[in-house]
Every structure is written in structure tokens, then in C-alpha cells.
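Asks: Below: one structure in C-alpha cells.
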Amino acid sequence: MTTTDLLSVQGLAAGYGGALAVRGLDFAVAPGTIAVLVGANGAGKTTTVQVIAGAIRPSGGTIRFDGETVTGLDCPAMVDRGITLVPEGRLIFARMTVEENLLMGALNRRAAANLARNLDRVFALFPRLAQRRGQLGGSMSGGEQQMLAIARGLMAEPRLMILDEPSLGLAPKVVAETFGLIRQLNAEGITILLVEQNVRQSLQLADRAFVIEKGRVVLSGAGPTLLDDPFVKTAFLGL
């Protein structure tokens, strides 16, 4: 953890109904990088990113964003500071149009002031969404819904975009497109924190990776380097 980290998580503890899913978790994300959280189901990855996004209040620890302590702030406050979560399962508004879904992503003051510019940006980035701007979100394919969820997140003008299982349930071709999009967003200056069940592709993509077991980081390193780690090979790559 350094003073130059965009996101710093120290001693984080959180859970549901009195049971801790995350306990004493520490990691940091440098600005302009792609970081990935790797772990088995139930390791605490989704709980971690929901706490960072303000959807769950932590029971312990500290979260700092761009040097400011933001521990315990709610979702609107986190979005105002530049943190956006694209949740697992996409969670688009099925009975709203593509454009209406996108507008729901621009409710914070900063993004609302640049609404037209941001809408043009996401339609340029996602031409299929531009073609379907009047179509109901629930009538689109899984890949198109994932595009819409990411585009909705971009409407908030994030500095840190958290993507929780963006490739889940998608066809291999669409998975490749999704990872290509993540690279593009990062190249445009957005810091990425990724939770992803496709361990091989996510580690190849990541500047930094953190392996979580039982709510704690047990291994970390450069993503491609961890592909050669014996534990990662056995636990996640089937080698």
C-alpha cells in the first residue's frame, strides 16, 4: 500500500447476517491499472467489491480512494467520488429501453452535467446499443445486456470501474469481445477492478492479481506471473 494507490483496502471485514465473508482483507490498486480478484465461489470476492461500491457496510477495516477515507459511504456517495460497480448478473432494467437504462447511470451531479457527451461516447463505443436505443433491455441477448450494463456504468464517468463476473454465461466469442473492451477502457484511462471466473484470461489481462481464500488475500503478484504459480495452476487452472 502506498500513498500513490488509487484504491487502498486495509483490514476489511464484512458479511451477512452476522457471518463474516471477508475478514482482515488487504489489497491496493494503482491508478491506471487492471487488478483482478481471484478465488473460489464463496471466497468473499463479491462481498469485497460490494463493500467498496457502498452496497454493503463493512464491520471493520479501512477503505481509501484517491487519498480520502471513504469507509462506510453509501453507493451514491461512492459514485460521486468516481467508483462504479457493474454487478454480477448485469441487473439491467428489463422493462426500460436501452437509452432509459443508460440515463439511469448518469444520476450523479458530475455525470448529469455531461449527459449528452457521455451518451454520444457510449453509443460510439457500443454501436449495437445505438441501433437498439429504443429496444427494451430485457429483450436483448446476454452479450448485449452485458454491453448495456458496462455502458450504464460508463455513464457515471468512473475513475474506478468494478466489474463483477462480466463474462458469466456468455458465449466464447462474446467473452473475447468483453475482455477486449476491458483493455480498451483501461487504455482510455479508467482503472479496472475485476472479479472474474475465467481465471486464465483475467490473469493474462491483469497488471496485479490477488488470490482470496476465506475472505483473505493469500497470494498476490503480476497477473501473468501467477499463471505459473503451482497453487494457482492446481486450484484454478486444472493443471
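If you're wondering about the labels, chains in the C-alpha cells are A, B, ... by order shown, residues count from 1 in each chain, ligands from 1 in order shown.
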Using only C-alpha atoms, determine which residues lie at most 8 Å from A:Phe93, disregarding the query and same-chain residues fewer than 6 positions distant; provide the list as a list of chain:residue names.
Replies: A:Asn101, A:Gly137, A:Gly138
Asks: Residues within 8 Å of stretch 47-50 of chain A, please, as a PyMOL selection string. Count only C-alpha atoms; anything in the same chain fewer than 3 positions from it doesn't count.
Replies: chain A and resi 14-15+21-22+44+53-56+85+162+164
Asks: Wanna dump the stretch 6-98 of chain A-stretch 203-217 of chain A contacts at 10 Å for me, each residue with its shortest atom pair and the distance in Å to one decimal, counting only C-alpha atoms, ordered by chain and number, as JSON lines?
Replies:
{"residue": "A:Gly11", "atom": "CA", "partner": "A:Arg216", "partner_atom": "CA", "distance": 9.2}
{"residue": "A:Leu12", "atom": "CA", "partner": "A:Arg216", "partner_atom": "CA", "distance": 8.9}
{"residue": "A:Ala13", "atom": "CA", "partner": "A:Gly215", "partner_atom": "CA", "distance": 8.2}
{"residue": "A:Ala14", "atom": "CA", "partner": "A:Gly215", "partner_atom": "CA", "distance": 8.9}
{"residue": "A:Gly15", "atom": "CA", "partner": "A:Gly215", "partner_atom": "CA", "distance": 9.6}
{"residue": "A:Leu20", "atom": "CA", "partner": "A:Gly215", "partner_atom": "CA", "distance": 8.0}
{"residue": "A:Ala21", "atom": "CA", "partner": "A:Gly215", "partner_atom": "CA", "distance": 5.6}
{"residue": "A:Val22", "atom": "CA", "partner": "A:Gly215", "partner_atom": "CA", "distance": 3.8}
{"residue": "A:Arg23", "atom": "CA", "partner": "A:Gly215", "partner_atom": "CA", "distance": 5.2}
{"residue": "A:Gly24", "atom": "CA", "partner": "A:Arg216", "partner_atom": "CA", "distance": 6.1}
{"residue": "A:Leu25", "atom": "CA", "partner": "A:Arg216", "partner_atom": "CA", "distance": 4.7}
{"residue": "A:Asp26", "atom": "CA", "partner": "A:Val217", "partner_atom": "CA", "distance": 6.6}
{"residue": "A:Phe27", "atom": "CA", "partner": "A:Phe210", "partner_atom": "CA", "distance": 7.5}
{"residue": "A:Ala28", "atom": "CA", "partner": "A:Arg208", "partner_atom": "CA", "distance": 9.2}
{"residue": "A:Val29", "atom": "CA", "partner": "A:Arg208", "partner_atom": "CA", "distance": 7.8}
{"residue": "A:Ala30", "atom": "CA", "partner": "A:Arg208", "partner_atom": "CA", "distance": 8.9}
{"residue": "A:Gly32", "atom": "CA", "partner": "A:Asp207", "partner_atom": "CA", "distance": 9.7}
{"residue": "A:Thr33", "atom": "CA", "partner": "A:Asp207", "partner_atom": "CA", "distance": 6.1}
{"residue": "A:Ile34", "atom": "CA", "partner": "A:Ala206", "partner_atom": "CA", "distance": 5.0}
{"residue": "A:Ala35", "atom": "CA", "partner": "A:Arg208", "partner_atom": "CA", "distance": 4.8}
{"residue": "A:Val36", "atom": "CA", "partner": "A:Ala209", "partner_atom": "CA", "distance": 4.8}
{"residue": "A:Leu37", "atom": "CA", "partner": "A:Phe210", "partner_atom": "CA", "distance": 5.0}
{"residue": "A:Val38", "atom": "CA", "partner": "A:Val211", "partner_atom": "CA", "distance": 4.7}
{"residue": "A:Gly39", "atom": "CA", "partner": "A:Ile212", "partner_atom": "CA", "distance": 5.0}
{"residue": "A:Ala40", "atom": "CA", "partner": "A:Glu213", "partner_atom": "CA", "distance": 7.4}
{"residue": "A:Asn41", "atom": "CA", "partner": "A:Glu213", "partner_atom": "CA", "distance": 9.6}
{"residue": "A:Gly42", "atom": "CA", "partner": "A:Lys214", "partner_atom": "CA", "distance": 7.5}
{"residue": "A:Ala43", "atom": "CA", "partner": "A:Lys214", "partner_atom": "CA", "distance": 4.9}
{"residue": "A:Gly44", "atom": "CA", "partner": "A:Gly215", "partner_atom": "CA", "distance": 5.0}
{"residue": "A:Lys45", "atom": "CA", "partner": "A:Ile212", "partner_atom": "CA", "distance": 7.2}
{"residue": "A:Thr47", "atom": "CA", "partner": "A:Gly215", "partner_atom": "CA", "distance": 9.0}
{"residue": "A:Thr48", "atom": "CA", "partner": "A:Gly215", "partner_atom": "CA", "distance": 8.4}
Asks: Show me, as a short mmCIF file (atom, residue, chain, number, x, y, z; two decimals) with C-alpha atoms, in the first residue's frame, the residues that have an atom within 6 Å of stretch 96-100 of chain A when counting only C-alpha atoms, minus same-chain residues fewer than 4 positions from it.
Replies:
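Output file out_25.cif follows:
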data_model
loop_
_atom_site.label_atom_id
_atom_site.label_comp_id
_atom_site.auth_asym_id
_atom_site.auth_seq_id
_atom_site.Cartn_x
_atom_site.Cartn_y
_atom_site.Cartn_z
CA ARG A 133 -31.61 2.62 -28.15
CA GLY A 134 -35.40 2.25 -28.18
CA GLN A 135 -35.43 -1.51 -27.54
CA LEU A 136 -36.37 -2.94 -24.15
CA GLY A 137 -33.32 -4.13 -22.24
#
